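Comments concern the structure below.
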Amino acid sequence: MNDIAHNLAQVREKISAAAALCSRASEEITLLAVSKTKPASAIEEAIRAGQRVFGENYVQEGVEKVRYFQESGQTDLEWHFIGPLQSNKSRQVAEHFDWCHTVDRLRIATRLSEQRPTHLPPLNVLIQVNISDESSKSGIAPEEVDALAEAIAALPHLRLRGLMAIPAPESEYVRQFAVAQQMAVAFARLKTRYADVDTLSLGMSDDMAAAIAAGSTMVRIGTAIFGARDYTKQ
């Protein structure tokens, strides 16, 4: 078993264990493999190990990978854009990705809907919530979710699927869970209003267990699968 396959197996075991502790089925939680800065060969190793859902943070790099695998006939992959999105890059995301996790303003949502090719299914979108109120991070305040959700739900080429957050780092499980629980409450409220809402993208390597206990349905894991990243190539 190669390193990436081994790492994937370990991450899946951790997801299963965390789910079991809170009486959830591991099948309820999607593992999003964050492949930013990693070459196509690393993604190919993950694919051979059964991984099909990948997340990219940088538009151009992500688009190149999407095209590479489409052209090589690997059409069963699901691509998620999970990085900050500028207006001038929205068309590339709308044309190539299956999901966008980082919608935090109506202008971006409108552009994504207008630029989504009509031959593709609606773009799945998540509203990014700045749950820890960090000035350095994107996302809207929890009290702004309802208004933005209503506006997104009216856009014809988007499909509102739920919420995403990147909480501030917390070393204590109790604090991790408390923040995750705030997101879970917002997610539950949204689910009562929109039939398509089913996704809470929350939790990375250090806070995955707390996120799953609170109700996360998608965890974003990168380094634990692919190893340390070399940002000098960016």
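Chains: A, B, ... in order of the structure tokens. Residues: from 1 per chain. Ligands: from 1, in order shown.
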
Pick out the residues sitting within 9 Å of A:Tyr58, and hand them over as a PDB file with all heavy atoms, in the first residue's frame; count only C-alpha atoms, and ignore anything fewer than 5 positions along from it in its own chain.
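Saved the output as selection.pdb:
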ATOM      1  N   LYS A  36      -4.802  20.807  -2.985  1.00  0.00           N
ATOM      2  CA  LYS A  36      -4.113  22.030  -3.431  1.00  0.00           C
ATOM      3  C   LYS A  36      -2.604  21.849  -3.351  1.00  0.00           C
ATOM      4  O   LYS A  36      -2.079  21.240  -2.424  1.00  0.00           O
ATOM      5  CB  LYS A  36      -4.541  23.240  -2.600  1.00  0.00           C
ATOM      6  CG  LYS A  36      -4.150  23.176  -1.126  1.00  0.00           C
ATOM      7  CD  LYS A  36      -4.563  24.455  -0.407  1.00  0.00           C
ATOM      8  CE  LYS A  36      -4.190  24.392   1.070  1.00  0.00           C
ATOM      9  NZ  LYS A  36      -4.589  25.596   1.806  1.00  0.00           N
ATOM     10  N   THR A  37      -1.922  22.375  -4.320  1.00  0.00           N
ATOM     11  CA  THR A  37      -0.455  22.353  -4.514  1.00  0.00           C
ATOM     12  C   THR A  37       0.089  20.962  -4.833  1.00  0.00           C
ATOM     13  O   THR A  37       1.286  20.814  -5.082  1.00  0.00           O
ATOM     14  CB  THR A  37       0.344  22.923  -3.311  1.00  0.00           C
ATOM     15  OG1 THR A  37       0.443  21.946  -2.279  1.00  0.00           O
ATOM     16  CG2 THR A  37      -0.257  24.212  -2.797  1.00  0.00           C
ATOM     17  N   VAL A  63      -8.544  24.398 -12.013  1.00  0.00           N
ATOM     18  CA  VAL A  63      -9.089  24.237 -13.363  1.00  0.00           C
ATOM     19  C   VAL A  63      -8.197  23.322 -14.201  1.00  0.00           C
ATOM     20  O   VAL A  63      -8.680  22.453 -14.942  1.00  0.00           O
ATOM     21  CB  VAL A  63      -9.256  25.616 -14.045  1.00  0.00           C
ATOM     22  CG1 VAL A  63      -9.508  25.459 -15.536  1.00  0.00           C
ATOM     23  CG2 VAL A  63     -10.404  26.386 -13.399  1.00  0.00           C
ATOM     24  N   PHE A  81     -14.510  23.759  -5.137  1.00  0.00           N
ATOM     25  CA  PHE A  81     -13.659  24.927  -4.950  1.00  0.00           C
ATOM     26  C   PHE A  81     -13.845  25.415  -3.520  1.00  0.00           C
ATOM     27  O   PHE A  81     -14.962  25.739  -3.105  1.00  0.00           O
ATOM     28  CB  PHE A  81     -13.982  26.043  -5.941  1.00  0.00           C
ATOM     29  CG  PHE A  81     -13.040  27.206  -5.786  1.00  0.00           C
ATOM     30  CD1 PHE A  81     -11.733  27.114  -6.239  1.00  0.00           C
ATOM     31  CD2 PHE A  81     -13.439  28.361  -5.134  1.00  0.00           C
ATOM     32  CE1 PHE A  81     -10.839  28.157  -6.047  1.00  0.00           C
ATOM     33  CE2 PHE A  81     -12.554  29.413  -4.950  1.00  0.00           C
ATOM     34  CZ  PHE A  81     -11.246  29.312  -5.404  1.00  0.00           C
ATOM     35  N   ILE A  82     -12.740  25.486  -2.759  1.00  0.00           N
ATOM     36  CA  ILE A  82     -12.857  25.785  -1.335  1.00  0.00           C
ATOM     37  C   ILE A  82     -12.013  26.993  -0.915  1.00  0.00           C
ATOM     38  O   ILE A  82     -11.859  27.253   0.285  1.00  0.00           O
ATOM     39  CB  ILE A  82     -12.487  24.552  -0.472  1.00  0.00           C
ATOM     40  CG1 ILE A  82     -11.039  24.120  -0.729  1.00  0.00           C
ATOM     41  CG2 ILE A  82     -13.445  23.406  -0.752  1.00  0.00           C
ATOM     42  CD1 ILE A  82     -10.575  23.004   0.193  1.00  0.00           C
ATOM     43  N   GLY A  83     -11.480  27.740  -1.889  1.00  0.00           N
ATOM     44  CA  GLY A  83     -10.659  28.897  -1.562  1.00  0.00           C
ATOM     45  C   GLY A  83     -11.421  30.199  -1.721  1.00  0.00           C
ATOM     46  O   GLY A  83     -12.554  30.223  -2.211  1.00  0.00           O
ATOM     47  N   PRO A  84     -10.820  31.298  -1.277  1.00  0.00           N
ATOM     48  CA  PRO A  84     -11.446  32.617  -1.478  1.00  0.00           C
ATOM     49  C   PRO A  84     -11.657  32.868  -2.969  1.00  0.00           C
ATOM     50  O   PRO A  84     -10.796  32.533  -3.783  1.00  0.00           O
ATOM     51  CB  PRO A  84     -10.417  33.588  -0.894  1.00  0.00           C
ATOM     52  CG  PRO A  84      -9.562  32.761   0.010  1.00  0.00           C
ATOM     53  CD  PRO A  84      -9.520  31.397  -0.594  1.00  0.00           C
ATOM     54  N   LEU A  85     -12.789  33.447  -3.307  1.00  0.00           N
ATOM     55  CA  LEU A  85     -13.126  33.635  -4.716  1.00  0.00           C
ATOM     56  C   LEU A  85     -13.292  35.111  -5.040  1.00  0.00           C
ATOM     57  O   LEU A  85     -14.142  35.793  -4.472  1.00  0.00           O
ATOM     58  CB  LEU A  85     -14.416  32.878  -5.056  1.00  0.00           C
ATOM     59  CG  LEU A  85     -14.878  32.948  -6.514  1.00  0.00           C
ATOM     60  CD1 LEU A  85     -13.786  32.445  -7.452  1.00  0.00           C
ATOM     61  CD2 LEU A  85     -16.152  32.125  -6.702  1.00  0.00           C
TER      62      LEU A  85
END

List as a tab-separated table every residue of stretch 125-190 of chain A that is in contact with stretch 212-221 of chain A, defined as an atom at most 8 Å from one of its atoms (using only C-alpha atoms), together with the nearest atom pair and the distance in Å rounded to one decimal, sorted by chain and then rising number.
residue	atom	partner	partner_atom	distance
A:Phe177	CA	A:Ala214	CA	6.4
A:Ala180	CA	A:Ala214	CA	5.8
A:Gln181	CA	A:Ala214	CA	5.3
A:Ala184	CA	A:Gly215	CA	6.1

Residues from last step as file, N, CA and C atoms, as a CSV table (one decimal), in the first residue's frame:
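result.csv written:
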chain,number,residue,atom,x,y,z
A,177,PHE,N,-15.9,21.9,20.0
A,177,PHE,CA,-17.3,21.4,19.9
A,177,PHE,C,-18.3,22.6,20.1
A,180,ALA,N,-18.4,24.4,16.8
A,180,ALA,CA,-19.0,23.6,15.8
A,180,ALA,C,-20.5,23.5,16.0
A,181,GLN,N,-20.9,23.5,17.3
A,181,GLN,CA,-22.3,23.5,17.6
A,181,GLN,C,-23.1,24.7,17.2
A,184,ALA,N,-23.8,24.1,13.7
A,184,ALA,CA,-24.8,23.0,13.5
A,184,ALA,C,-26.2,23.6,13.7

Q: Pick out the residues sitting within 8 Å of A:Trp79, and hand them over as a ChimeraX atom specification; count only C-alpha atoms, and ignore anything fewer than 3 positions along from it in its own chain.
A: /A:53-56,66,97-99

Please produce a file of the residues just selected, as a PDB file, in the first residue's frame, where the atoms kept are C-alpha atoms.
ATOM      1  CA  VAL A  53     -14.095  13.921  -4.010  1.00  0.00           C
ATOM      2  CA  PHE A  54     -11.362  16.578  -4.184  1.00  0.00           C
ATOM      3  CA  GLY A  55     -11.018  20.171  -3.022  1.00  0.00           C
ATOM      4  CA  GLU A  56      -8.916  22.918  -4.590  1.00  0.00           C
ATOM      5  CA  VAL A  66     -10.205  19.319 -13.590  1.00  0.00           C
ATOM      6  CA  PHE A  97     -16.272  22.929 -10.630  1.00  0.00           C
ATOM      7  CA  ASP A  98     -19.179  20.939  -9.209  1.00  0.00           C
ATOM      8  CA  TRP A  99     -19.253  22.795  -5.882  1.00  0.00           C
TER       9      TRP A  99
END

Q.
To test your reading of the structure, identify every residue in stretch 16-211 of chain A that backbone DSSP assigns to alpha helix (DSSP H), and report it as an MDAnalysis selection string.
A. chainID A and resid 16:21 40:48 59:71 90:96 106:115 145:153 173:191 208:211

Only C-alpha atoms, please: the residues just picked out, written as a PDB file, in the first residue's frame.
ATOM      1  CA  SER A  16     -15.525   6.053  11.409  1.00  0.00           C
ATOM      2  CA  ALA A  17     -14.310   6.154  15.002  1.00  0.00           C
ATOM      3  CA  ALA A  18     -15.503   9.739  15.507  1.00  0.00           C
ATOM      4  CA  ALA A  19     -18.878   8.897  13.996  1.00  0.00           C
ATOM      5  CA  ALA A  20     -19.274   5.819  16.174  1.00  0.00           C
ATOM      6  CA  LEU A  21     -18.619   7.857  19.329  1.00  0.00           C
ATOM      7  CA  ALA A  40      -1.978  15.129 -10.620  1.00  0.00           C
ATOM      8  CA  SER A  41       0.080  12.018  -9.841  1.00  0.00           C
ATOM      9  CA  ALA A  42      -0.792  12.342  -6.135  1.00  0.00           C
ATOM     10  CA  ILE A  43      -4.471  12.669  -6.983  1.00  0.00           C
ATOM     11  CA  GLU A  44      -4.178   9.603  -9.200  1.00  0.00           C
ATOM     12  CA  GLU A  45      -2.838   7.642  -6.219  1.00  0.00           C
ATOM     13  CA  ALA A  46      -5.808   8.762  -4.147  1.00  0.00           C
ATOM     14  CA  ILE A  47      -8.187   7.778  -6.957  1.00  0.00           C
ATOM     15  CA  ARG A  48      -6.655   4.300  -7.060  1.00  0.00           C
ATOM     16  CA  VAL A  59      -8.665  28.687  -9.270  1.00  0.00           C
ATOM     17  CA  GLN A  60      -6.148  28.233 -12.076  1.00  0.00           C
ATOM     18  CA  GLU A  61      -4.453  25.228 -10.500  1.00  0.00           C
ATOM     19  CA  GLY A  62      -7.815  23.622  -9.843  1.00  0.00           C
ATOM     20  CA  VAL A  63      -9.089  24.237 -13.363  1.00  0.00           C
ATOM     21  CA  GLU A  64      -5.969  22.644 -14.829  1.00  0.00           C
ATOM     22  CA  LYS A  65      -6.509  19.526 -12.734  1.00  0.00           C
ATOM     23  CA  VAL A  66     -10.205  19.319 -13.590  1.00  0.00           C
ATOM     24  CA  ARG A  67      -9.373  19.538 -17.297  1.00  0.00           C
ATOM     25  CA  TYR A  68      -6.534  17.022 -17.001  1.00  0.00           C
ATOM     26  CA  PHE A  69      -8.727  14.346 -15.481  1.00  0.00           C
ATOM     27  CA  GLN A  70     -11.668  15.049 -17.774  1.00  0.00           C
ATOM     28  CA  GLU A  71      -9.409  14.748 -20.804  1.00  0.00           C
ATOM     29  CA  SER A  90     -15.842  33.371 -10.834  1.00  0.00           C
ATOM     30  CA  ARG A  91     -16.363  32.291 -14.456  1.00  0.00           C
ATOM     31  CA  GLN A  92     -13.674  29.619 -14.243  1.00  0.00           C
ATOM     32  CA  VAL A  93     -15.235  28.188 -11.096  1.00  0.00           C
ATOM     33  CA  ALA A  94     -18.713  28.299 -12.628  1.00  0.00           C
ATOM     34  CA  GLU A  95     -17.534  26.507 -15.755  1.00  0.00           C
ATOM     35  CA  HIS A  96     -15.365  23.776 -14.221  1.00  0.00           C
ATOM     36  CA  LEU A 106     -24.693  38.066  -3.365  1.00  0.00           C
ATOM     37  CA  ARG A 107     -22.504  39.586  -6.076  1.00  0.00           C
ATOM     38  CA  ILE A 108     -20.393  36.424  -6.276  1.00  0.00           C
ATOM     39  CA  ALA A 109     -23.460  34.182  -6.174  1.00  0.00           C
ATOM     40  CA  THR A 110     -25.113  36.136  -8.987  1.00  0.00           C
ATOM     41  CA  ARG A 111     -22.019  35.935 -11.166  1.00  0.00           C
ATOM     42  CA  LEU A 112     -21.675  32.199 -10.571  1.00  0.00           C
ATOM     43  CA  SER A 113     -25.306  31.660 -11.577  1.00  0.00           C
ATOM     44  CA  GLU A 114     -25.022  33.833 -14.691  1.00  0.00           C
ATOM     45  CA  GLN A 115     -21.759  32.173 -15.740  1.00  0.00           C
ATOM     46  CA  VAL A 145     -27.157  33.713   6.640  1.00  0.00           C
ATOM     47  CA  ASP A 146     -30.929  33.786   6.188  1.00  0.00           C
ATOM     48  CA  ALA A 147     -30.963  36.794   3.877  1.00  0.00           C
ATOM     49  CA  LEU A 148     -28.149  35.508   1.675  1.00  0.00           C
ATOM     50  CA  ALA A 149     -29.667  32.026   1.558  1.00  0.00           C
ATOM     51  CA  GLU A 150     -32.980  33.435   0.350  1.00  0.00           C
ATOM     52  CA  ALA A 151     -31.240  35.365  -2.417  1.00  0.00           C
ATOM     53  CA  ILE A 152     -29.143  32.374  -3.509  1.00  0.00           C
ATOM     54  CA  ALA A 153     -32.140  30.052  -3.551  1.00  0.00           C
ATOM     55  CA  TYR A 173     -12.076  19.704  22.348  1.00  0.00           C
ATOM     56  CA  VAL A 174     -14.715  21.454  24.446  1.00  0.00           C
ATOM     57  CA  ARG A 175     -14.059  24.752  22.675  1.00  0.00           C
ATOM     58  CA  GLN A 176     -13.936  23.057  19.272  1.00  0.00           C
ATOM     59  CA  PHE A 177     -17.294  21.441  19.919  1.00  0.00           C
ATOM     60  CA  ALA A 178     -18.882  24.665  21.176  1.00  0.00           C
ATOM     61  CA  VAL A 179     -17.976  26.514  17.980  1.00  0.00           C
ATOM     62  CA  ALA A 180     -19.023  23.575  15.799  1.00  0.00           C
ATOM     63  CA  GLN A 181     -22.342  23.465  17.643  1.00  0.00           C
ATOM     64  CA  GLN A 182     -23.027  27.070  16.666  1.00  0.00           C
ATOM     65  CA  MET A 183     -22.623  26.072  13.037  1.00  0.00           C
ATOM     66  CA  ALA A 184     -24.833  23.031  13.538  1.00  0.00           C
ATOM     67  CA  VAL A 185     -27.632  25.231  14.881  1.00  0.00           C
ATOM     68  CA  ALA A 186     -27.430  27.544  11.861  1.00  0.00           C
ATOM     69  CA  PHE A 187     -27.348  24.515   9.550  1.00  0.00           C
ATOM     70  CA  ALA A 188     -30.405  22.939  11.196  1.00  0.00           C
ATOM     71  CA  ARG A 189     -32.355  26.168  10.808  1.00  0.00           C
ATOM     72  CA  LEU A 190     -31.448  26.375   7.133  1.00  0.00           C
ATOM     73  CA  LYS A 191     -32.512  22.769   6.547  1.00  0.00           C
ATOM     74  CA  MET A 208     -12.560  16.724  12.896  1.00  0.00           C
ATOM     75  CA  ALA A 209     -13.861  14.708  15.841  1.00  0.00           C
ATOM     76  CA  ALA A 210     -15.605  17.703  17.405  1.00  0.00           C
ATOM     77  CA  ALA A 211     -17.077  18.748  14.053  1.00  0.00           C
TER      78      ALA A 211
END

Q: Please measure the separation of atom CA of A:Thr75 and atom CA of A:His119, giving the value in Å to one decimal.
A: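 These atoms are spaced 15.6 Å apart.
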
(Q) I need the residues of stretch 4-228 of chain A that end up classed as strand (DSSP E) by DSSP on the backbone, written out as a ChimeraX atom specification. (A) /A:30-34,53-56,78-81,99-103,123-129,158-165,199-201,218-221

Q: Could you jot down the atom CA of A:Asp3 to atom CA of A:Thr199 separation for me, Å, one decimal place?
A: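 Straight-line distance from atom CA of A:Asp3 to atom CA of A:Thr199 works out to 29.4 Å.
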
Q) Smallest atom-to-atom distance to A:Ala49: which of A:Ser35, A:Ser138, A:Gln74, A:Asn2, using only C-alpha atoms? A)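 Comparing A:Ser35, A:Ser138, A:Gln74, A:Asn2 against A:Ala49, the winner is A:Asn2.
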
**Q.** Pairwise distance for atom CA of A:Tyr194 and atom CA of A:Cys22, rounded to one decimal in Å
**A.**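 Interatomic distance here is 25.7 Å.
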
Q) Near A:Asp133, counting only C-alpha atoms, which residues have an atom at most 12 Å away, once you skip same-chain residues fewer than 3 positions from it, shown as a list in words? A)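 What passes the distance filter is Gln128, Val129, Asn130, Ser136, Lys137, Ser138, Gly139, Ile140, Ala141, Pro142, Glu143, Ala165, Ile166, Pro167, Ala168 and Val179 of chain A.
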